[in-house]
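K.L.:
Here's a structure for you.
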Amino acid sequence: MRTMSDQATPLRAGRVYHPNMLKTMRLALDLACARLSAYSKEETARTQLALQILRGAEPPNPDPDRLASFAIEQLLLGSLQAA
């Protein structure tokens with residue numbers, strides 16, 4: 001079984017999302033920012049979370065909570081690797 005961490009892929013130009021998927025991804029972004037309140041005030045962190053959500057979103061209906069956790073994990077892993 002693949003996990004979201006295994007599914008991280010580069011962003012593809014021209015990708016189109018169903019409105020329900022966009023709502024799910026927005027909810028995931030809001031959840032991730034709320035969990036990382038210290039970071040969520042920084043636009044750079046919010047942008048990075050949004051990019052991770054785009055990379056981790058898999059149709060038809062990903063769970064926003066899992067997607068938020070995936071984005072946070074990727075953001076923190078990137079921060080650790082940069083240190």
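Residue numbering restarts at 1 for every chain of the structure tokens, chains are lettered A, B, ... in their displayed order, and ligands are numbered from 1 as they appear.
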Please provide as a ChimeraX atom specification all residues within 8 Å of segment 30-37 of chain A, with the sequence filter that same-chain residues fewer than 4 positions apart are discarded (counting only C-alpha atoms).
P.N.:
/A:26,41,46,49,64-65,68-69,71-72
K.L.:
Could those residues be written to a file, using C-alpha atoms, as a compact mmCIF listing (two decimals), in the first residue's frame?
P.N.:
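And here is the file that came out, result.txt:
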```
# COMPACT_ATOMS: atom_id res chain seq x y z
CA ARG A 26 -8.26 24.36 0.81
CA LYS A 41 1.70 33.63 9.71
CA ARG A 46 1.79 28.81 3.75
CA LEU A 49 2.23 23.90 2.57
CA PRO A 64 -8.23 16.65 4.27
CA ASP A 65 -6.78 15.63 7.64
CA ALA A 68 -2.77 18.36 5.98
CA SER A 69 -0.56 15.94 7.91
CA ALA A 71 1.95 18.72 3.94
CA ILE A 72 3.21 19.40 7.46
```
K.L.:
Between atom CA of Pro59 of chain A and atom CA of Ser79 of chain A, what is the distance, to one decimal in Å?
P.N.:
27.7 Å
K.L.:
Restricting the calculation to only C-alpha atoms, which member of A:Ile53, A:Val16, A:Leu27, A:Leu22 is positioned closest to Leu75 of chain A?
P.N.:
A:Ile53
